[in-house]
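J.: Take a look at this one; I'll ask things after.
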Amino acid sequence: PVPRPPRDNPLRRLHTRARRAWDRPLTAYYLILGGSLLITVLGLVMVYSASQITALQLSLPGSYFFRKQFLAAAIGAGLLFLASRMPVKLHRALAYPILAGSVFLMILVQVPGIGMAVNGNQNWISLGGSFQIQPSEFGKLALVLWGADLLARKQDKRLLTQWKHMLVPLVPVTFMLLGLIMLGGDMGTAIILTAILFGLLWIAGAPTRLFVGVLSGAALIGVILIKTSPNRMARLTCLGSTDVDQCWQAVHGIYALAGGGLFGSGLGASVEKWGQLPEAHTDFIFAVTGEELGLAGTLSVLALFAALGYAGIRVAGRTEDPFVRYAAGGVTTWITAQAVINVGAVLGLLPIAGVPLPLFSYGGSALLPTMFAIGLLIAFARDEPAARAALAMRQPRFGRKRAGGPPGPRRWNTMRRRAPVARSSGER
């Protein structure tokens, strides 16, 4: 008897198609662009929903915070487009000016009459009217760019095999930034900068003993800072607590998530944002998302951040340019660590650090440098050789008419290679 051909397994076929889709050259590019835009748009919707009650309590229009966030998102979109079109050499050239500007602004924060305190943290500068800027947020971008350029130059000179070249001046400059931030009492941002430092050292191949040594030193400093601050100690003791009187914000964040159920109570129908949940449109916007959109909404947000993190790791792992590898790894560490810390605090798994959810929470000072960093990842994803070739193959919906040939009906070739006349994508 003739043997039967093996039956096609639909699950295996689906797995094969999914794997081919993941391996396409432009997968990282589309994940970064699409994921970041979806997070930003959904964040605008949730900021509008979560901030209305707060605005009305302050005798402001209900759309006050939304309009400010929308303006910041529009400016951030311009920065994202600019960064995605800039060549890598220009990104490297901007590293030192951005670092110097961030340090200068963080020093100005401590000058009486210029810096201002918000929620007990002296880390803001008033720009006039209702607009403020938080320089420490731009310090994250400065550390990523400057640290990536520094490590790339040292790697080109084969100096990273010596521990002193790996640590100096990267660690002292980072500690200087941390000191300026901690002068204002902002421990949440200091934790993110520490995570970026560890991410850069890890990508640079720091030995385990060196990595553990720096981590131990940072942990010791963190313990001292927590022990000497009653506010930070109170946040630590609220970890997993159900005491409403002592841990009001943490407990009501859990109430909001629990009240959402599977699909939520509906957009705008949150109960906790009516004065029960502090910082509902900033640090705890994820809790309002869980209450209004339910488990489905929160899992969607987490899936978008997971896709963004995967794409960043893929860009860092496939490049041969050391600067691109360090910068992509630093940006991915920054966004992923900040998202984990924010979501962990809302879920009651981590102490409340006071950091916003990237691209999602209200705050223009956090949104602008983050969107510029997303533009960096887009530029790096476009710079991959396979991605450049794929982009060169792209054609508009209506292609150009073929030259020559007998007259006749117009024919369009939408798959014709256009490498000689391809639009510049900002590569070096």
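Just remember, in the structure tokens the first chain shown is A, the second B, etc., residues are 1-based per chain, and ligands are 1-based in the order shown.
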Residues within 12 Å of stretch 295-302 of chain A, please, as a PDB file with N, CA, C and O atoms, in the first residue's frame. Count only C-alpha atoms; anything in the same chain fewer than 4 positions from it doesn't count.
T.:
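Saved as result39.pdb:
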ATOM      1  N   GLY A  35       4.241  49.728  18.893  1.00  0.00           N
ATOM      2  CA  GLY A  35       4.038  49.555  20.329  1.00  0.00           C
ATOM      3  C   GLY A  35       4.101  50.867  21.086  1.00  0.00           C
ATOM      4  O   GLY A  35       3.254  51.146  21.947  1.00  0.00           O
ATOM      5  N   SER A  36       5.085  51.696  20.772  1.00  0.00           N
ATOM      6  CA  SER A  36       5.220  52.972  21.483  1.00  0.00           C
ATOM      7  C   SER A  36       4.049  53.905  21.180  1.00  0.00           C
ATOM      8  O   SER A  36       3.543  54.597  22.080  1.00  0.00           O
ATOM      9  N   LEU A  37       3.594  53.942  19.917  1.00  0.00           N
ATOM     10  CA  LEU A  37       2.468  54.803  19.579  1.00  0.00           C
ATOM     11  C   LEU A  37       1.179  54.325  20.246  1.00  0.00           C
ATOM     12  O   LEU A  37       0.368  55.129  20.729  1.00  0.00           O
ATOM     13  N   LEU A  38       0.973  53.007  20.299  1.00  0.00           N
ATOM     14  CA  LEU A  38      -0.225  52.486  20.952  1.00  0.00           C
ATOM     15  C   LEU A  38      -0.209  52.792  22.450  1.00  0.00           C
ATOM     16  O   LEU A  38      -1.236  53.176  23.030  1.00  0.00           O
ATOM     17  N   ILE A  39       0.941  52.632  23.084  1.00  0.00           N
ATOM     18  CA  ILE A  39       1.043  52.953  24.517  1.00  0.00           C
ATOM     19  C   ILE A  39       0.762  54.428  24.758  1.00  0.00           C
ATOM     20  O   ILE A  39       0.037  54.806  25.687  1.00  0.00           O
ATOM     21  N   THR A  40       1.310  55.291  23.894  1.00  0.00           N
ATOM     22  CA  THR A  40       1.120  56.730  24.066  1.00  0.00           C
ATOM     23  C   THR A  40      -0.338  57.127  23.871  1.00  0.00           C
ATOM     24  O   THR A  40      -0.892  57.915  24.656  1.00  0.00           O
ATOM     25  N   VAL A  41      -0.973  56.597  22.831  1.00  0.00           N
ATOM     26  CA  VAL A  41      -2.378  56.941  22.564  1.00  0.00           C
ATOM     27  C   VAL A  41      -3.280  56.425  23.684  1.00  0.00           C
ATOM     28  O   VAL A  41      -4.157  57.146  24.179  1.00  0.00           O
ATOM     29  N   LEU A  42      -3.070  55.185  24.096  1.00  0.00           N
ATOM     30  CA  LEU A  42      -3.869  54.646  25.197  1.00  0.00           C
ATOM     31  C   LEU A  42      -3.608  55.429  26.484  1.00  0.00           C
ATOM     32  O   LEU A  42      -4.520  55.659  27.286  1.00  0.00           O
ATOM     33  N   GLY A  43      -2.362  55.873  26.675  1.00  0.00           N
ATOM     34  CA  GLY A  43      -2.041  56.690  27.834  1.00  0.00           C
ATOM     35  C   GLY A  43      -2.787  58.016  27.812  1.00  0.00           C
ATOM     36  O   GLY A  43      -3.251  58.492  28.858  1.00  0.00           O
ATOM     37  N   MET A  46      -6.315  57.342  28.933  1.00  0.00           N
ATOM     38  CA  MET A  46      -6.425  57.088  30.367  1.00  0.00           C
ATOM     39  C   MET A  46      -6.096  58.333  31.194  1.00  0.00           C
ATOM     40  O   MET A  46      -6.660  58.526  32.278  1.00  0.00           O
ATOM     41  N   ALA A 256      -8.683  49.356  43.396  1.00  0.00           N
ATOM     42  CA  ALA A 256      -9.022  49.723  42.020  1.00  0.00           C
ATOM     43  C   ALA A 256      -8.839  48.538  41.076  1.00  0.00           C
ATOM     44  O   ALA A 256      -9.700  48.272  40.228  1.00  0.00           O
ATOM     45  N   LEU A 257      -7.723  47.828  41.219  1.00  0.00           N
ATOM     46  CA  LEU A 257      -7.484  46.664  40.354  1.00  0.00           C
ATOM     47  C   LEU A 257      -8.526  45.578  40.613  1.00  0.00           C
ATOM     48  O   LEU A 257      -9.010  44.937  39.666  1.00  0.00           O
ATOM     49  N   ALA A 258      -8.860  45.363  41.883  1.00  0.00           N
ATOM     50  CA  ALA A 258      -9.824  44.316  42.207  1.00  0.00           C
ATOM     51  C   ALA A 258     -11.225  44.665  41.711  1.00  0.00           C
ATOM     52  O   ALA A 258     -11.998  43.769  41.349  1.00  0.00           O
ATOM     53  N   GLY A 259     -11.561  45.943  41.681  1.00  0.00           N
ATOM     54  CA  GLY A 259     -12.893  46.338  41.247  1.00  0.00           C
ATOM     55  C   GLY A 259     -13.101  46.265  39.750  1.00  0.00           C
ATOM     56  O   GLY A 259     -14.248  46.355  39.285  1.00  0.00           O
ATOM     57  N   GLY A 260     -12.015  46.128  38.997  1.00  0.00           N
ATOM     58  CA  GLY A 260     -12.154  46.108  37.546  1.00  0.00           C
ATOM     59  C   GLY A 260     -12.624  44.791  36.982  1.00  0.00           C
ATOM     60  O   GLY A 260     -13.271  44.740  35.928  1.00  0.00           O
ATOM     61  N   GLY A 261     -12.292  43.706  37.653  1.00  0.00           N
ATOM     62  CA  GLY A 261     -12.700  42.402  37.148  1.00  0.00           C
ATOM     63  C   GLY A 261     -12.000  42.050  35.849  1.00  0.00           C
ATOM     64  O   GLY A 261     -10.859  42.458  35.600  1.00  0.00           O
ATOM     65  N   LEU A 262     -12.686  41.305  34.996  1.00  0.00           N
ATOM     66  CA  LEU A 262     -12.078  40.808  33.759  1.00  0.00           C
ATOM     67  C   LEU A 262     -12.029  41.878  32.674  1.00  0.00           C
ATOM     68  O   LEU A 262     -11.002  42.068  32.019  1.00  0.00           O
ATOM     69  N   PHE A 263     -13.136  42.599  32.492  1.00  0.00           N
ATOM     70  CA  PHE A 263     -13.203  43.587  31.414  1.00  0.00           C
ATOM     71  C   PHE A 263     -13.446  45.005  31.917  1.00  0.00           C
ATOM     72  O   PHE A 263     -13.664  45.918  31.126  1.00  0.00           O
ATOM     73  N   GLY A 264     -13.405  45.230  33.217  1.00  0.00           N
ATOM     74  CA  GLY A 264     -13.479  46.569  33.763  1.00  0.00           C
ATOM     75  C   GLY A 264     -14.888  47.099  33.910  1.00  0.00           C
ATOM     76  O   GLY A 264     -15.865  46.530  33.418  1.00  0.00           O
ATOM     77  N   SER A 265     -14.983  48.223  34.571  1.00  0.00           N
ATOM     78  CA  SER A 265     -16.272  48.870  34.806  1.00  0.00           C
ATOM     79  C   SER A 265     -16.655  49.819  33.684  1.00  0.00           C
ATOM     80  O   SER A 265     -17.751  50.386  33.702  1.00  0.00           O
ATOM     81  N   GLY A 266     -15.776  50.012  32.724  1.00  0.00           N
ATOM     82  CA  GLY A 266     -16.056  50.909  31.614  1.00  0.00           C
ATOM     83  C   GLY A 266     -15.198  52.156  31.670  1.00  0.00           C
ATOM     84  O   GLY A 266     -14.854  52.646  32.740  1.00  0.00           O
ATOM     85  N   LEU A 267     -14.876  52.678  30.500  1.00  0.00           N
ATOM     86  CA  LEU A 267     -14.014  53.853  30.417  1.00  0.00           C
ATOM     87  C   LEU A 267     -14.696  55.049  31.077  1.00  0.00           C
ATOM     88  O   LEU A 267     -15.826  55.403  30.736  1.00  0.00           O
ATOM     89  N   ILE A 285      -1.742  55.435  37.523  1.00  0.00           N
ATOM     90  CA  ILE A 285      -2.662  55.379  36.386  1.00  0.00           C
ATOM     91  C   ILE A 285      -2.915  53.937  35.957  1.00  0.00           C
ATOM     92  O   ILE A 285      -3.970  53.608  35.397  1.00  0.00           O
ATOM     93  N   PHE A 286      -1.976  53.040  36.247  1.00  0.00           N
ATOM     94  CA  PHE A 286      -2.173  51.627  35.917  1.00  0.00           C
ATOM     95  C   PHE A 286      -3.322  51.034  36.734  1.00  0.00           C
ATOM     96  O   PHE A 286      -4.056  50.163  36.252  1.00  0.00           O
ATOM     97  N   ALA A 287      -3.498  51.520  37.971  1.00  0.00           N
ATOM     98  CA  ALA A 287      -4.610  51.037  38.801  1.00  0.00           C
ATOM     99  C   ALA A 287      -5.946  51.486  38.228  1.00  0.00           C
ATOM    100  O   ALA A 287      -6.907  50.702  38.187  1.00  0.00           O
ATOM    101  N   VAL A 288      -6.038  52.732  37.763  1.00  0.00           N
ATOM    102  CA  VAL A 288      -7.273  53.212  37.142  1.00  0.00           C
ATOM    103  C   VAL A 288      -7.536  52.453  35.842  1.00  0.00           C
ATOM    104  O   VAL A 288      -8.687  52.137  35.512  1.00  0.00           O
ATOM    105  N   THR A 289      -6.475  52.143  35.102  1.00  0.00           N
ATOM    106  CA  THR A 289      -6.631  51.334  33.886  1.00  0.00           C
ATOM    107  C   THR A 289      -7.218  49.971  34.218  1.00  0.00           C
ATOM    108  O   THR A 289      -8.109  49.477  33.512  1.00  0.00           O
ATOM    109  N   GLY A 290      -6.740  49.362  35.302  1.00  0.00           N
ATOM    110  CA  GLY A 290      -7.279  48.069  35.702  1.00  0.00           C
ATOM    111  C   GLY A 290      -8.727  48.145  36.132  1.00  0.00           C
ATOM    112  O   GLY A 290      -9.503  47.216  35.877  1.00  0.00           O
ATOM    113  N   GLU A 291      -9.110  49.257  36.769  1.00  0.00           N
ATOM    114  CA  GLU A 291     -10.498  49.387  37.215  1.00  0.00           C
ATOM    115  C   GLU A 291     -11.445  49.638  36.052  1.00  0.00           C
ATOM    116  O   GLU A 291     -12.556  49.111  36.025  1.00  0.00           O
ATOM    117  N   ALA A 306       6.082  44.482  26.849  1.00  0.00           N
ATOM    118  CA  ALA A 306       6.899  43.293  26.587  1.00  0.00           C
ATOM    119  C   ALA A 306       7.383  43.281  25.139  1.00  0.00           C
ATOM    120  O   ALA A 306       8.552  42.949  24.863  1.00  0.00           O
ATOM    121  N   ALA A 307       6.510  43.633  24.200  1.00  0.00           N
ATOM    122  CA  ALA A 307       6.911  43.690  22.794  1.00  0.00           C
ATOM    123  C   ALA A 307       7.974  44.759  22.573  1.00  0.00           C
ATOM    124  O   ALA A 307       8.943  44.560  21.822  1.00  0.00           O
ATOM    125  N   LEU A 308       7.811  45.905  23.249  1.00  0.00           N
ATOM    126  CA  LEU A 308       8.801  46.975  23.130  1.00  0.00           C
ATOM    127  C   LEU A 308      10.152  46.531  23.690  1.00  0.00           C
ATOM    128  O   LEU A 308      11.208  46.799  23.086  1.00  0.00           O
ATOM    129  N   GLY A 309      10.126  45.837  24.831  1.00  0.00           N
ATOM    130  CA  GLY A 309      11.369  45.342  25.407  1.00  0.00           C
ATOM    131  C   GLY A 309      12.028  44.281  24.527  1.00  0.00           C
ATOM    132  O   GLY A 309      13.252  44.283  24.356  1.00  0.00           O
ATOM    133  N   THR A 336      12.103  49.351  30.473  1.00  0.00           N
ATOM    134  CA  THR A 336      11.632  48.119  31.100  1.00  0.00           C
ATOM    135  C   THR A 336      11.688  48.205  32.613  1.00  0.00           C
ATOM    136  O   THR A 336      10.725  47.834  33.308  1.00  0.00           O
ATOM    137  N   ALA A 339       8.984  50.560  33.924  1.00  0.00           N
ATOM    138  CA  ALA A 339       7.651  49.942  33.846  1.00  0.00           C
ATOM    139  C   ALA A 339       7.472  48.881  34.929  1.00  0.00           C
ATOM    140  O   ALA A 339       6.410  48.803  35.571  1.00  0.00           O
ATOM    141  N   VAL A 340       8.510  48.080  35.161  1.00  0.00           N
ATOM    142  CA  VAL A 340       8.419  47.038  36.186  1.00  0.00           C
ATOM    143  C   VAL A 340       8.254  47.654  37.573  1.00  0.00           C
ATOM    144  O   VAL A 340       7.438  47.193  38.389  1.00  0.00           O
ATOM    145  N   ASN A 342       7.034  50.653  38.359  1.00  0.00           N
ATOM    146  CA  ASN A 342       5.725  51.281  38.498  1.00  0.00           C
ATOM    147  C   ASN A 342       4.620  50.242  38.669  1.00  0.00           C
ATOM    148  O   ASN A 342       3.792  50.347  39.586  1.00  0.00           O
ATOM    149  N   VAL A 343       4.586  49.245  37.796  1.00  0.00           N
ATOM    150  CA  VAL A 343       3.537  48.224  37.876  1.00  0.00           C
ATOM    151  C   VAL A 343       3.677  47.412  39.158  1.00  0.00           C
ATOM    152  O   VAL A 343       2.679  47.071  39.807  1.00  0.00           O
ATOM    153  N   GLY A 344       4.917  47.105  39.550  1.00  0.00           N
ATOM    154  CA  GLY A 344       5.130  46.366  40.788  1.00  0.00           C
ATOM    155  C   GLY A 344       4.635  47.109  42.002  1.00  0.00           C
ATOM    156  O   GLY A 344       4.076  46.513  42.937  1.00  0.00           O
ATOM    157  N   VAL A 346       2.135  49.338  42.003  1.00  0.00           N
ATOM    158  CA  VAL A 346       0.675  49.335  41.956  1.00  0.00           C
ATOM    159  C   VAL A 346       0.119  47.985  42.402  1.00  0.00           C
ATOM    160  O   VAL A 346      -0.901  47.917  43.104  1.00  0.00           O
ATOM    161  N   LEU A 347       0.799  46.906  42.025  1.00  0.00           N
ATOM    162  CA  LEU A 347       0.345  45.568  42.402  1.00  0.00           C
ATOM    163  C   LEU A 347       0.684  45.219  43.852  1.00  0.00           C
ATOM    164  O   LEU A 347       0.280  44.158  44.337  1.00  0.00           O
ATOM    165  N   LEU A 357       4.678  55.552  34.757  1.00  0.00           N
ATOM    166  CA  LEU A 357       4.707  54.483  33.769  1.00  0.00           C
ATOM    167  C   LEU A 357       5.118  55.083  32.434  1.00  0.00           C
ATOM    168  O   LEU A 357       4.447  55.999  31.933  1.00  0.00           O
ATOM    169  N   PRO A 358       6.219  54.643  31.836  1.00  0.00           N
ATOM    170  CA  PRO A 358       6.754  55.296  30.630  1.00  0.00           C
ATOM    171  C   PRO A 358       5.721  55.394  29.509  1.00  0.00           C
ATOM    172  O   PRO A 358       4.992  54.432  29.230  1.00  0.00           O
ATOM    173  N   LEU A 359       5.657  56.554  28.883  1.00  0.00           N
ATOM    174  CA  LEU A 359       4.784  56.842  27.741  1.00  0.00           C
ATOM    175  C   LEU A 359       3.303  56.818  28.099  1.00  0.00           C
ATOM    176  O   LEU A 359       2.456  57.112  27.258  1.00  0.00           O
ATOM    177  N   PHE A 360       2.953  56.492  29.331  1.00  0.00           N
ATOM    178  CA  PHE A 360       1.563  56.231  29.701  1.00  0.00           C
ATOM    179  C   PHE A 360       1.064  57.218  30.744  1.00  0.00           C
ATOM    180  O   PHE A 360      -0.038  57.741  30.609  1.00  0.00           O
TER     181      PHE A 360
END
J.: Which residues are close to A:Glu320, i.e. within 12 Å by only C-alpha atoms, leaving aside same-chain residues fewer than 5 positions away? Reply as a PyMOL selection string.
T.: chain A and resi 152+156+315+325-326+380+383-385
J.: Name the residues in contact with stretch 236-245 of chain A at a cut-off of 9 Å, using only C-alpha atoms, excluding same-chain residues fewer than 6 positions from it; report them as a ChimeraX atom specification.
T.: /A:226,251-252,345,348-352
J.: Of the candidates A:Arg314, A:Thr333, A:Phe305, A:Ala366, which one gets nearest to A:Leu26 if we count only C-alpha atoms?
T.: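 Smallest separation from A:Leu26 among the options: A:Arg314.
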J.: Taking only stretch 81-165 of chain A into account, list the residues labelled helix (DSSP H, G or I) by DSSP (computed from the backbone), as number ranges by chain.
T.: A: 81-85, 88-109, 135-156, 163-165
J.: Separation of atom CA of A:Phe66 and atom CA of A:Thr54, in Å?
T.: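 Between atom CA of A:Phe66 and atom CA of A:Thr54 the gap is 11.5 Å.
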J.: What is the distance between atom CA of A:Ser365 and atom CA of A:Ile133, in Å to one decimal?
T.: 5.5 Å
J.: Interatomic distance between atom CA of A:Phe372 and atom CA of A:Leu80?
T.: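 Going from atom CA of A:Phe372 over to atom CA of A:Leu80, I get 4.7 Å.
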J.: What are the closest atom pairs, with distances in Å to one decimal, for all residues of stretch 213-234 of chain A lying within 9 Å of stretch 193-200 of chain A? Consider only C-alpha atoms, order rows by chain and residue number, and present the result as a Markdown table.
T.:
| residue | atom | partner | partner_atom | distance |
| --- | --- | --- | --- | --- |
| A:Val214 | CA | A:Phe198 | CA | 8.4 |
| A:Leu215 | CA | A:Phe198 | CA | 7.9 |
| A:Ala218 | CA | A:Thr194 | CA | 7.9 |
J.: Write out, as an mmCIF file, in the first residue's frame, the residues just selected, with N, CA, C and O atoms.
T.:
data_model
loop_
_atom_site.group_PDB
_atom_site.id
_atom_site.type_symbol
_atom_site.label_atom_id
_atom_site.label_comp_id
_atom_site.auth_asym_id
_atom_site.auth_seq_id
_atom_site.Cartn_x
_atom_site.Cartn_y
_atom_site.Cartn_z
ATOM 1 N N VAL A 214 29.773 46.527 42.597
ATOM 2 C CA VAL A 214 29.035 47.768 42.373
ATOM 3 C C VAL A 214 27.605 47.642 42.883
ATOM 4 O O VAL A 214 27.055 48.562 43.497
ATOM 5 N N LEU A 215 26.996 46.477 42.658
ATOM 6 C CA LEU A 215 25.629 46.258 43.128
ATOM 7 C C LEU A 215 25.552 46.296 44.645
ATOM 8 O O LEU A 215 24.617 46.876 45.218
ATOM 9 N N ALA A 218 25.804 49.934 45.791
ATOM 10 C CA ALA A 218 24.557 50.655 45.550
ATOM 11 C C ALA A 218 23.481 50.222 46.538
ATOM 12 O O ALA A 218 22.704 51.051 47.032
#
J.: Give the answer as one residue: which of A:Met187, A:Ala28, A:Leu151, A:Leu79 has the shortest atom-to-atom distance to A:Ala311, using only C-alpha atoms?
T.: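 Closest candidate: A:Ala28.
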J.: Rank nothing, just name the residue among A:Gly101, A:Ile254, A:Tyr29, A:Trp202 nearest to A:Leu377, using only C-alpha atoms.
T.: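 Counting only C-alpha atoms, the residue closest to A:Leu377 is A:Tyr29.
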J.: Near A:Phe81, counting only C-alpha atoms, which residues have an atom at most 12 Å away, once you skip same-chain residues fewer than 4 positions from it, shown as an NGL selection string?
T.: :A and (33 or 37 or 74-77 or 85-86 or 371-379 or 425-426)
J.: Near stretch 166-177 of chain A, counting only C-alpha atoms, which residues have an atom at most 9 Å away, once you skip same-chain residues fewer than 4 positions from it, shown as a ChimeraX atom specification?
T.: /A:102-103,106,136,139,143,146-147,150-151,154,159-162,181-182,190,193-194,197,201,204,206,214
J.: Mind checking which residues fall within 10 Å of A:Ala280, counting only C-alpha atoms, ignoring those fewer than 2 positions away in the same chain, and posting them as a PyMOL selection string?
T.: chain A and resi 46-47+49-51+53-54+249+253+272-278+282-289+361-362
J.: Do a neighbour search on A:Gln134 at 10 Å with only C-alpha atoms, toss out local chain neighbours closer than 2 positions, and write the hits as a VMD selection string.
T.: chain A and resid 102 105 to 106 109 115 to 116 122 to 126 132 136 to 139 363 to 366
J.: Now that the selection is made, can you save its residues with N, CA and C atoms as a PDB file, in the first residue's frame?
T.:
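Saved as result_14.pdb:
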ATOM      1  N   SER A 102      21.938  68.636  31.218  1.00  0.00           N
ATOM      2  CA  SER A 102      21.192  68.002  32.310  1.00  0.00           C
ATOM      3  C   SER A 102      21.825  68.307  33.655  1.00  0.00           C
ATOM      4  N   LEU A 105      21.074  71.934  34.625  1.00  0.00           N
ATOM      5  CA  LEU A 105      19.697  72.131  35.078  1.00  0.00           C
ATOM      6  C   LEU A 105      19.475  71.501  36.454  1.00  0.00           C
ATOM      7  N   MET A 106      20.103  70.348  36.705  1.00  0.00           N
ATOM      8  CA  MET A 106      19.936  69.715  38.019  1.00  0.00           C
ATOM      9  C   MET A 106      20.606  70.526  39.119  1.00  0.00           C
ATOM     10  N   VAL A 109      18.218  73.396  39.975  1.00  0.00           N
ATOM     11  CA  VAL A 109      17.091  72.965  40.798  1.00  0.00           C
ATOM     12  C   VAL A 109      17.337  73.288  42.269  1.00  0.00           C
ATOM     13  N   GLY A 115      14.589  76.556  41.690  1.00  0.00           N
ATOM     14  CA  GLY A 115      14.003  75.243  41.870  1.00  0.00           C
ATOM     15  C   GLY A 115      12.766  75.302  42.742  1.00  0.00           C
ATOM     16  N   MET A 116      11.886  74.347  42.557  1.00  0.00           N
ATOM     17  CA  MET A 116      10.657  74.299  43.330  1.00  0.00           C
ATOM     18  C   MET A 116      10.383  72.861  43.753  1.00  0.00           C
ATOM     19  N   GLN A 122      12.455  68.303  45.809  1.00  0.00           N
ATOM     20  CA  GLN A 122      12.989  69.523  45.218  1.00  0.00           C
ATOM     21  C   GLN A 122      13.690  69.152  43.910  1.00  0.00           C
ATOM     22  N   ASN A 123      12.896  68.939  42.849  1.00  0.00           N
ATOM     23  CA  ASN A 123      13.506  68.527  41.580  1.00  0.00           C
ATOM     24  C   ASN A 123      12.774  69.104  40.381  1.00  0.00           C
ATOM     25  N   TRP A 124      12.200  70.301  40.538  1.00  0.00           N
ATOM     26  CA  TRP A 124      11.458  70.916  39.452  1.00  0.00           C
ATOM     27  C   TRP A 124      11.932  72.345  39.229  1.00  0.00           C
ATOM     28  N   ILE A 125      11.802  72.811  37.985  1.00  0.00           N
ATOM     29  CA  ILE A 125      12.073  74.205  37.625  1.00  0.00           C
ATOM     30  C   ILE A 125      10.837  74.746  36.936  1.00  0.00           C
ATOM     31  N   SER A 126      10.365  75.896  37.397  1.00  0.00           N
ATOM     32  CA  SER A 126       9.184  76.508  36.805  1.00  0.00           C
ATOM     33  C   SER A 126       9.555  77.224  35.511  1.00  0.00           C
ATOM     34  N   GLN A 132       6.190  73.253  34.060  1.00  0.00           N
ATOM     35  CA  GLN A 132       7.366  72.949  34.864  1.00  0.00           C
ATOM     36  C   GLN A 132       8.201  71.912  34.132  1.00  0.00           C
ATOM     37  N   SER A 136      15.863  65.873  36.067  1.00  0.00           N
ATOM     38  CA  SER A 136      16.360  64.522  36.312  1.00  0.00           C
ATOM     39  C   SER A 136      15.844  63.531  35.273  1.00  0.00           C
ATOM     40  N   GLU A 137      14.679  63.812  34.668  1.00  0.00           N
ATOM     41  CA  GLU A 137      14.172  62.924  33.623  1.00  0.00           C
ATOM     42  C   GLU A 137      15.082  62.949  32.394  1.00  0.00           C
ATOM     43  N   PHE A 138      15.648  64.123  32.095  1.00  0.00           N
ATOM     44  CA  PHE A 138      16.562  64.215  30.968  1.00  0.00           C
ATOM     45  C   PHE A 138      17.921  63.628  31.318  1.00  0.00           C
ATOM     46  N   GLY A 139      18.202  63.478  32.631  1.00  0.00           N
ATOM     47  CA  GLY A 139      19.442  62.820  33.035  1.00  0.00           C
ATOM     48  C   GLY A 139      19.482  61.364  32.624  1.00  0.00           C
ATOM     49  N   GLY A 363       2.683  63.556  32.514  1.00  0.00           N
ATOM     50  CA  GLY A 363       3.952  64.221  32.817  1.00  0.00           C
ATOM     51  C   GLY A 363       4.766  64.460  31.564  1.00  0.00           C
ATOM     52  N   GLY A 364       4.859  65.723  31.155  1.00  0.00           N
ATOM     53  CA  GLY A 364       5.607  66.036  29.947  1.00  0.00           C
ATOM     54  C   GLY A 364       7.101  65.871  30.112  1.00  0.00           C
ATOM     55  N   SER A 365       7.628  66.154  31.308  1.00  0.00           N
ATOM     56  CA  SER A 365       9.068  66.012  31.523  1.00  0.00           C
ATOM     57  C   SER A 365       9.522  64.569  31.363  1.00  0.00           C
ATOM     58  N   ALA A 366       8.674  63.623  31.698  1.00  0.00           N
ATOM     59  CA  ALA A 366       9.018  62.215  31.514  1.00  0.00           C
ATOM     60  C   ALA A 366       8.742  61.756  30.087  1.00  0.00           C
TER      61      ALA A 366
END
